[in-house]
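Inspection log for the structure reproduced underneath, given as structure tokens.
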2 protein chains.
Amino acid sequence: MTIGEVSEKFQMTADTLRYYERIGLIPPVPRKKNGIRDFDEQACKWVGFVKCMRASGVQIEALIEYVSLLQKGTGIERRKQILIEQRARLQNQAETLRTTIERLDYKIDHYEEMFKQP
Amino acid sequence: MTIGEVSEKFQMTADTLRYYERIGLIPPVPRKKNGIRDFDEQACKWVGFVKCMRASGVQIEALIEYVSLLQKGTGIERRKQILIEQRARLQNQAETLRTTIERLDYKIDHYEEMFKQP
DNA sequence: TCTTGACTTGAAGTTTGCTTGAGCTGATAA
DNA sequence: TTATCAGCTCAAGCAAACTTCAAGTCAAGA
């Protein structure tokens with residue numbers, strides 16, 4: 001698959017995909033003889049994974065470390081730990097969201113009665 | 001309350017509070033004769049509200065519009081609509097988080113079996 | 001053959017959301 | 001009384017995460 005097709009498939013720009021590869025957020029993408037990127041299934045899976053993680057705000061830095069370890073084939077324990085850490089962060093964030101949504105619910109339900117109140 | 005006390009109470013720097021006021025994220029804070037900010041209960045509530053919203057990623061722009069309307073005392077319907085819009089965004093975000101956490105759960109549970117997989 | 005369009009790299013630019021610094025005032029403590 | 005806070009404003013600076021630009025390559029169609 002060309003970068004154009006992949007960017008279409010995942011709804012992100014080709015520039016972002018190149019940027020992700022450049023900074024090591026996805027492993028190097030296979031190339032054709034002429035140097036043009038030729039995304040295989042593996043590469044696409046990476047894009048999907050990273051897109052999902054980024055959509056939830058997982059830090060780029062953590063993902064870069066994860067990708068780098070996976071490429072070297074080392075640090076299984078560390079890799080798992082990264083996933084566990086990030087999951088904890090997301091769970092926290094989910095909890096924060098829950099309370100904020102509740103607060104908004106309350107304000108919306110009582111809107112007419114509230115004046116000048118934050 | 002002084003800005004120092006408020007920054008302590010909400011665990012954010014005085015600089016951030018001044019910044020929030022400057023850009024209109026919170027209404028102008030009352031001042032003492034000498035120009036020093038003197039946060040009253042209302043002002044503190046605003047800080048708490050904005051901090052909560054920002055922690056969940058509500059956009060500053062939306063909050064600025066909300067604050068500005070509330071100060072002018074106009075646009076009740078619009079204000080409510082802003083809250084509803086932002087709630088929808090957060091609900092979306094919560095759903096995204098849920099699926100990402102699930103994905104991480106799965107990977108963590110099956111980590112030993114997975115090699116070279118994103 | 002020429003040109004069109006997708007691709008390449010590397011570097012510079014942009015946006016968001018603070019953060020820091022410079023230079024000031026005014027109140028309090030040794 | 002001096003010095004040390006806490007606060008003030010305004011402007012510049014910074015980090016993250018892209019985004020855009022400049023300059024070039026390459027393959028395919030009219």
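Each chain of the structure tokens is named A, B, ... in the order shown, its residues numbered from 1; ligands are numbered from 1 in display order.
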Could you work out which residues of chain D fall inside 10 Å of chain B? Count only C-alpha atoms (C1' of nucleotides), and format the result as a PyMOL selection string. chain D and resi 6-8
Where does chain B end up after superposition onto chain A over all in-order Cα pairs? Give it as a tab-separated table (two decimals) with N, CA and C atoms, in the first residue's frame.
chain	number	residue	atom	x	y	z
B	1	MET	N	0.97	-1.37	0.13
B	1	MET	CA	0.12	-0.16	0.07
B	1	MET	C	0.97	1.09	0.06
B	2	THR	N	0.55	2.04	-0.72
B	2	THR	CA	1.27	3.31	-0.73
B	2	THR	C	0.88	4.16	0.47
B	3	ILE	N	1.67	5.18	0.69
B	3	ILE	CA	1.37	6.06	1.81
B	3	ILE	C	0.03	6.76	1.61
B	4	GLY	N	-0.30	7.01	0.37
B	4	GLY	CA	-1.57	7.65	0.06
B	4	GLY	C	-2.74	6.78	0.48
B	5	GLU	N	-2.65	5.50	0.14
B	5	GLU	CA	-3.72	4.57	0.49
B	5	GLU	C	-3.85	4.44	2.01
B	6	VAL	N	-2.71	4.37	2.64
B	6	VAL	CA	-2.74	4.21	4.09
B	6	VAL	C	-3.32	5.46	4.76
B	7	SER	N	-2.95	6.61	4.23
B	7	SER	CA	-3.45	7.85	4.84
B	7	SER	C	-4.97	7.94	4.64
B	8	GLU	N	-5.41	7.46	3.50
B	8	GLU	CA	-6.86	7.39	3.23
B	8	GLU	C	-7.53	6.45	4.22
B	9	LYS	N	-6.96	5.26	4.32
B	9	LYS	CA	-7.54	4.21	5.17
B	9	LYS	C	-7.68	4.65	6.63
B	10	PHE	N	-6.66	5.33	7.10
B	10	PHE	CA	-6.69	5.71	8.53
B	10	PHE	C	-7.08	7.16	8.75
B	11	GLN	N	-7.43	7.83	7.70
B	11	GLN	CA	-7.84	9.22	7.82
B	11	GLN	C	-6.79	10.08	8.52
B	12	MET	N	-5.59	9.95	8.07
B	12	MET	CA	-4.56	10.88	8.55
B	12	MET	C	-3.67	11.24	7.36
B	13	THR	N	-3.02	12.38	7.43
B	13	THR	CA	-2.27	12.83	6.26
B	13	THR	C	-1.00	12.01	6.08
B	14	ALA	N	-0.53	11.97	4.83
B	14	ALA	CA	0.72	11.29	4.53
B	14	ALA	C	1.85	11.93	5.32
B	15	ASP	N	1.76	13.24	5.47
B	15	ASP	CA	2.79	13.95	6.23
B	15	ASP	C	2.89	13.42	7.66
B	16	THR	N	1.75	13.21	8.26
B	16	THR	CA	1.74	12.70	9.63
B	16	THR	C	2.37	11.31	9.68
B	17	LEU	N	2.05	10.49	8.70
B	17	LEU	CA	2.63	9.14	8.68
B	17	LEU	C	4.15	9.21	8.56
B	18	ARG	N	4.63	10.05	7.66
B	18	ARG	CA	6.09	10.20	7.52
B	18	ARG	C	6.70	10.72	8.81
B	19	TYR	N	5.99	11.67	9.38
B	19	TYR	CA	6.46	12.23	10.66
B	19	TYR	C	6.54	11.13	11.72
B	20	TYR	N	5.53	10.31	11.82
B	20	TYR	CA	5.52	9.22	12.80
B	20	TYR	C	6.70	8.27	12.58
B	21	GLU	N	6.95	7.97	11.34
B	21	GLU	CA	8.08	7.07	11.07
B	21	GLU	C	9.39	7.74	11.45
B	22	ARG	N	9.51	9.00	11.06
B	22	ARG	CA	10.75	9.73	11.31
B	22	ARG	C	11.11	9.76	12.79
B	23	ILE	N	10.12	10.01	13.64
B	23	ILE	CA	10.42	10.11	15.06
B	23	ILE	C	10.40	8.74	15.75
B	24	GLY	N	10.13	7.69	15.00
B	24	GLY	CA	10.20	6.36	15.60
B	24	GLY	C	8.92	5.92	16.29
B	25	LEU	N	7.82	6.54	15.93
B	25	LEU	CA	6.55	6.18	16.54
B	25	LEU	C	5.99	4.93	15.88
B	26	ILE	N	6.39	4.72	14.66
B	26	ILE	CA	6.16	3.43	14.01
B	26	ILE	C	7.53	2.98	13.49
B	27	PRO	N	7.73	1.68	13.38
B	27	PRO	CA	9.02	1.18	12.89
B	27	PRO	C	9.21	1.60	11.44
B	28	PRO	N	10.45	1.54	10.97
B	28	PRO	CA	10.71	1.90	9.57
B	28	PRO	C	9.80	1.12	8.64
B	29	VAL	N	9.19	1.82	7.72
B	29	VAL	CA	8.27	1.18	6.79
B	29	VAL	C	9.09	0.60	5.64
B	30	PRO	N	8.75	-0.63	5.20
B	30	PRO	CA	9.46	-1.22	4.06
B	30	PRO	C	9.38	-0.31	2.84
B	31	ARG	N	10.41	-0.37	2.00
B	31	ARG	CA	10.44	0.49	0.80
B	31	ARG	C	10.55	-0.37	-0.43
B	32	LYS	N	10.07	0.17	-1.52
B	32	LYS	CA	10.34	-0.44	-2.81
B	32	LYS	C	11.75	-0.03	-3.22
B	33	LYS	N	12.24	-0.65	-4.29
B	33	LYS	CA	13.61	-0.35	-4.71
B	33	LYS	C	13.86	1.14	-4.87
B	34	ASN	N	12.84	1.84	-5.35
B	34	ASN	CA	13.02	3.27	-5.60
B	34	ASN	C	12.90	4.13	-4.34
B	35	GLY	N	12.75	3.48	-3.20
B	35	GLY	CA	12.74	4.24	-1.97
B	35	GLY	C	11.34	4.63	-1.50
B	36	ILE	N	10.36	4.27	-2.32
B	36	ILE	CA	8.99	4.64	-1.95
B	36	ILE	C	8.41	3.66	-0.93
B	37	ARG	N	7.76	4.22	0.08
B	37	ARG	CA	7.22	3.37	1.14
B	37	ARG	C	6.18	2.41	0.60
B	38	ASP	N	6.24	1.18	1.09
B	38	ASP	CA	5.31	0.14	0.68
B	38	ASP	C	4.81	-0.55	1.94
B	39	PHE	N	3.75	0.01	2.50
B	39	PHE	CA	3.23	-0.49	3.77
B	39	PHE	C	2.72	-1.92	3.64
B	40	ASP	N	3.26	-2.81	4.46
B	40	ASP	CA	2.71	-4.17	4.52
B	40	ASP	C	1.71	-4.25	5.67
B	41	GLU	N	1.19	-5.46	5.90
B	41	GLU	CA	0.14	-5.59	6.92
B	41	GLU	C	0.66	-5.16	8.28
B	42	GLN	N	1.86	-5.59	8.57
B	42	GLN	CA	2.50	-5.27	9.85
B	42	GLN	C	2.55	-3.74	10.05
B	43	ALA	N	3.02	-3.06	9.00
B	43	ALA	CA	3.15	-1.61	9.09
B	43	ALA	C	1.78	-0.96	9.30
B	44	CYS	N	0.78	-1.50	8.61
B	44	CYS	CA	-0.57	-0.96	8.77
B	44	CYS	C	-1.08	-1.17	10.19
B	45	LYS	N	-0.78	-2.34	10.75
B	45	LYS	CA	-1.21	-2.61	12.11
B	45	LYS	C	-0.59	-1.59	13.07
B	46	TRP	N	0.67	-1.30	12.82
B	46	TRP	CA	1.33	-0.29	13.66
B	46	TRP	C	0.63	1.04	13.57
B	47	VAL	N	0.29	1.42	12.36
B	47	VAL	CA	-0.39	2.70	12.18
B	47	VAL	C	-1.70	2.70	12.96
B	48	GLY	N	-2.45	1.61	12.82
B	48	GLY	CA	-3.73	1.51	13.52
B	48	GLY	C	-3.56	1.58	15.03
B	49	PHE	N	-2.55	0.88	15.50
B	49	PHE	CA	-2.28	0.87	16.94
B	49	PHE	C	-1.94	2.27	17.44
B	50	VAL	N	-1.01	2.88	16.77
B	50	VAL	CA	-0.57	4.22	17.19
B	50	VAL	C	-1.71	5.22	17.08
B	51	LYS	N	-2.49	5.10	16.03
B	51	LYS	CA	-3.60	6.04	15.90
B	51	LYS	C	-4.57	5.90	17.07
B	52	CYS	N	-4.86	4.66	17.41
B	52	CYS	CA	-5.76	4.40	18.53
B	52	CYS	C	-5.19	4.98	19.82
B	53	MET	N	-3.94	4.70	20.07
B	53	MET	CA	-3.31	5.18	21.31
B	53	MET	C	-3.30	6.71	21.36
B	54	ARG	N	-2.91	7.31	20.25
B	54	ARG	CA	-2.83	8.77	20.23
B	54	ARG	C	-4.19	9.41	20.40
B	55	ALA	N	-5.22	8.78	19.84
B	55	ALA	CA	-6.57	9.34	19.97
B	55	ALA	C	-6.98	9.42	21.44
B	56	SER	N	-6.41	8.55	22.26
B	56	SER	CA	-6.72	8.59	23.68
B	56	SER	C	-5.69	9.38	24.47
B	57	GLY	N	-4.74	9.94	23.78
B	57	GLY	CA	-3.78	10.80	24.46
B	57	GLY	C	-2.57	10.10	25.06
B	58	VAL	N	-2.34	8.83	24.66
B	58	VAL	CA	-1.11	8.19	25.14
B	58	VAL	C	0.08	8.99	24.62
B	59	GLN	N	1.04	9.23	25.50
B	59	GLN	CA	2.14	10.11	25.11
B	59	GLN	C	3.02	9.49	24.04
B	60	ILE	N	3.42	10.34	23.13
B	60	ILE	CA	4.28	9.92	22.05
B	60	ILE	C	5.57	9.30	22.59
B	61	GLU	N	6.11	9.92	23.62
B	61	GLU	CA	7.36	9.43	24.19
B	61	GLU	C	7.27	7.96	24.62
B	62	ALA	N	6.17	7.63	25.31
B	62	ALA	CA	6.00	6.26	25.78
B	62	ALA	C	5.92	5.31	24.59
B	63	LEU	N	5.21	5.75	23.56
B	63	LEU	CA	5.06	4.90	22.38
B	63	LEU	C	6.39	4.71	21.68
B	64	ILE	N	7.18	5.77	21.63
B	64	ILE	CA	8.48	5.67	20.98
B	64	ILE	C	9.36	4.65	21.71
B	65	GLU	N	9.34	4.72	23.03
B	65	GLU	CA	10.13	3.75	23.79
B	65	GLU	C	9.64	2.32	23.51
B	66	TYR	N	8.35	2.17	23.50
B	66	TYR	CA	7.74	0.86	23.25
B	66	TYR	C	8.16	0.31	21.88
B	67	VAL	N	8.04	1.15	20.88
B	67	VAL	CA	8.40	0.73	19.53
B	67	VAL	C	9.88	0.37	19.45
B	68	SER	N	10.67	1.20	20.08
B	68	SER	CA	12.11	0.98	20.01
B	68	SER	C	12.52	-0.34	20.67
B	69	LEU	N	11.91	-0.64	21.81
B	69	LEU	CA	12.21	-1.92	22.48
B	69	LEU	C	11.75	-3.10	21.63
B	70	LEU	N	10.57	-2.95	21.07
B	70	LEU	CA	10.01	-4.04	20.29
B	70	LEU	C	10.88	-4.33	19.07
B	71	GLN	N	11.42	-3.27	18.48
B	71	GLN	CA	12.29	-3.48	17.32
B	71	GLN	C	13.57	-4.20	17.69
B	72	LYS	N	14.11	-3.79	18.85
B	72	LYS	CA	15.33	-4.45	19.29
B	72	LYS	C	15.03	-5.86	19.79
B	73	GLY	N	13.76	-6.12	20.03
B	73	GLY	CA	13.37	-7.44	20.52
B	73	GLY	C	13.73	-7.64	21.98
B	74	THR	N	13.99	-6.55	22.68
B	74	THR	CA	14.39	-6.68	24.09
B	74	THR	C	13.33	-6.06	24.99
B	75	GLY	N	13.59	-6.21	26.28
B	75	GLY	CA	12.79	-5.50	27.27
B	75	GLY	C	11.34	-5.90	27.33
B	76	ILE	N	11.09	-7.20	27.22
B	76	ILE	CA	9.69	-7.66	27.28
B	76	ILE	C	9.00	-7.13	28.52
B	77	GLU	N	9.67	-7.26	29.66
B	77	GLU	CA	9.04	-6.83	30.90
B	77	GLU	C	8.77	-5.33	30.88
B	78	ARG	N	9.76	-4.60	30.42
B	78	ARG	CA	9.62	-3.15	30.35
B	78	ARG	C	8.47	-2.76	29.41
B	79	ARG	N	8.39	-3.48	28.30
B	79	ARG	CA	7.33	-3.19	27.34
B	79	ARG	C	5.96	-3.38	27.98
B	80	LYS	N	5.83	-4.49	28.68
B	80	LYS	CA	4.55	-4.77	29.34
B	80	LYS	C	4.26	-3.67	30.36
B	81	GLN	N	5.32	-3.28	31.05
B	81	GLN	CA	5.16	-2.24	32.07
B	81	GLN	C	4.68	-0.92	31.44
B	82	ILE	N	5.23	-0.62	30.27
B	82	ILE	CA	4.78	0.61	29.59
B	82	ILE	C	3.29	0.54	29.32
B	83	LEU	N	2.86	-0.61	28.81
B	83	LEU	CA	1.43	-0.75	28.53
B	83	LEU	C	0.61	-0.59	29.81
B	84	ILE	N	1.10	-1.19	30.89
B	84	ILE	CA	0.35	-1.12	32.15
B	84	ILE	C	0.31	0.31	32.67
B	85	GLU	N	1.43	0.99	32.57
B	85	GLU	CA	1.47	2.39	33.00
B	85	GLU	C	0.48	3.24	32.21
B	86	GLN	N	0.52	3.06	30.92
B	86	GLN	CA	-0.34	3.89	30.08
B	86	GLN	C	-1.81	3.55	30.32
B	87	ARG	N	-2.08	2.28	30.56
B	87	ARG	CA	-3.47	1.92	30.87
B	87	ARG	C	-3.92	2.63	32.14
B	88	ALA	N	-3.04	2.66	33.12
B	88	ALA	CA	-3.39	3.33	34.38
B	88	ALA	C	-3.68	4.82	34.14
B	89	ARG	N	-2.85	5.43	33.30
B	89	ARG	CA	-3.08	6.83	32.98
B	89	ARG	C	-4.44	7.03	32.33
B	90	LEU	N	-4.76	6.14	31.40
B	90	LEU	CA	-6.04	6.27	30.71
B	90	LEU	C	-7.21	6.04	31.67
B	91	GLN	N	-7.03	5.07	32.57
B	91	GLN	CA	-8.11	4.80	33.53
B	91	GLN	C	-8.35	6.03	34.40
B	92	ASN	N	-7.28	6.65	34.81
B	92	ASN	CA	-7.38	7.90	35.55
B	92	ASN	C	-8.13	8.95	34.76
B	93	GLN	N	-7.71	9.08	33.53
B	93	GLN	CA	-8.33	10.07	32.66
B	93	GLN	C	-9.82	9.79	32.49
B	94	ALA	N	-10.16	8.51	32.39
B	94	ALA	CA	-11.57	8.12	32.23
B	94	ALA	C	-12.36	8.54	33.47
B	95	GLU	N	-11.74	8.37	34.62
B	95	GLU	CA	-12.41	8.75	35.87
B	95	GLU	C	-12.61	10.28	35.93
B	96	THR	N	-11.57	11.00	35.55
B	96	THR	CA	-11.68	12.47	35.51
B	96	THR	C	-12.82	12.89	34.59
B	97	LEU	N	-12.85	12.27	33.43
B	97	LEU	CA	-13.90	12.58	32.47
B	97	LEU	C	-15.27	12.32	33.06
B	98	ARG	N	-15.38	11.20	33.75
B	98	ARG	CA	-16.67	10.82	34.33
B	98	ARG	C	-17.17	11.92	35.28
B	99	THR	N	-16.29	12.39	36.14
B	99	THR	CA	-16.75	13.40	37.10
B	99	THR	C	-17.05	14.73	36.39
B	100	THR	N	-16.27	15.05	35.37
B	100	THR	CA	-16.56	16.29	34.65
B	100	THR	C	-17.89	16.21	33.93
B	101	ILE	N	-18.14	15.06	33.33
B	101	ILE	CA	-19.42	14.90	32.63
B	101	ILE	C	-20.58	15.02	33.62
B	102	GLU	N	-20.40	14.42	34.78
B	102	GLU	CA	-21.44	14.54	35.81
B	102	GLU	C	-21.69	16.00	36.17
B	103	ARG	N	-20.60	16.72	36.32
B	103	ARG	CA	-20.73	18.12	36.67
B	103	ARG	C	-21.48	18.89	35.59
B	104	LEU	N	-21.14	18.59	34.35
B	104	LEU	CA	-21.83	19.23	33.24
B	104	LEU	C	-23.30	18.83	33.22
B	105	ASP	N	-23.56	17.55	33.46
B	105	ASP	CA	-24.95	17.07	33.51
B	105	ASP	C	-25.74	17.92	34.50
B	106	TYR	N	-25.17	18.06	35.67
B	106	TYR	CA	-25.87	18.80	36.72
B	106	TYR	C	-26.15	20.24	36.29
B	107	LYS	N	-25.12	20.87	35.76
B	107	LYS	CA	-25.30	22.26	35.33
B	107	LYS	C	-26.35	22.37	34.23
B	108	ILE	N	-26.29	21.45	33.30
B	108	ILE	CA	-27.24	21.52	32.19
B	108	ILE	C	-28.67	21.32	32.70
B	109	ASP	N	-28.83	20.35	33.60
B	109	ASP	CA	-30.17	20.07	34.13
B	109	ASP	C	-30.73	21.24	34.93
B	110	HIS	N	-29.83	21.97	35.58
B	110	HIS	CA	-30.31	23.04	36.47
B	110	HIS	C	-30.05	24.41	35.87
B	111	TYR	N	-29.90	24.47	34.55
B	111	TYR	CA	-29.37	25.71	34.01
B	111	TYR	C	-30.25	26.92	34.28
B	112	GLU	N	-31.53	26.75	34.14
B	112	GLU	CA	-32.40	27.91	34.29
B	112	GLU	C	-32.32	28.54	35.68
B	113	GLU	N	-32.04	27.72	36.69
B	113	GLU	CA	-32.01	28.25	38.07
B	113	GLU	C	-30.69	28.96	38.39
B	114	MET	N	-29.68	28.77	37.52
B	114	MET	CA	-28.37	29.26	37.91
B	114	MET	C	-28.02	30.56	37.20
B	115	PHE	N	-27.64	31.52	37.97
B	115	PHE	CA	-27.23	32.79	37.38
B	115	PHE	C	-25.87	33.16	37.92
B	116	LYS	N	-25.05	33.64	37.05
B	116	LYS	CA	-23.74	34.15	37.47
B	116	LYS	C	-22.89	33.09	38.16
B	117	GLN	N	-23.38	31.89	38.19
B	117	GLN	CA	-22.59	30.83	38.82
B	117	GLN	C	-21.70	30.18	37.77
B	118	PRO	N	-20.52	29.88	38.16
B	118	PRO	CA	-19.63	29.18	37.20
B	118	PRO	C	-20.21	27.83	36.84
Would you please give, as a count of residues only, all residues of region 38-81 of chain B that DSSP assigns to helix (DSSP H, G or I) based on the backbone? 34
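Taking C1' of DA29 (chain C) and C1' of DA3 (chain D) as endpoints, the distance between them is 9.3 Å.
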Tell me as a list in words which residues belonging to chain C come within 9 Å of chain B, counting only C-alpha atoms (C1' of nucleotides). DG17, DC18, DT19 and DG26 of chain C
Suppose you want the space between C1' of DT16 (chain C) and C1' of DA22 (chain D); what is it in Å?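 Pair C1' of DT16 (chain C) / C1' of DA22 (chain D) returns 26.4 Å.
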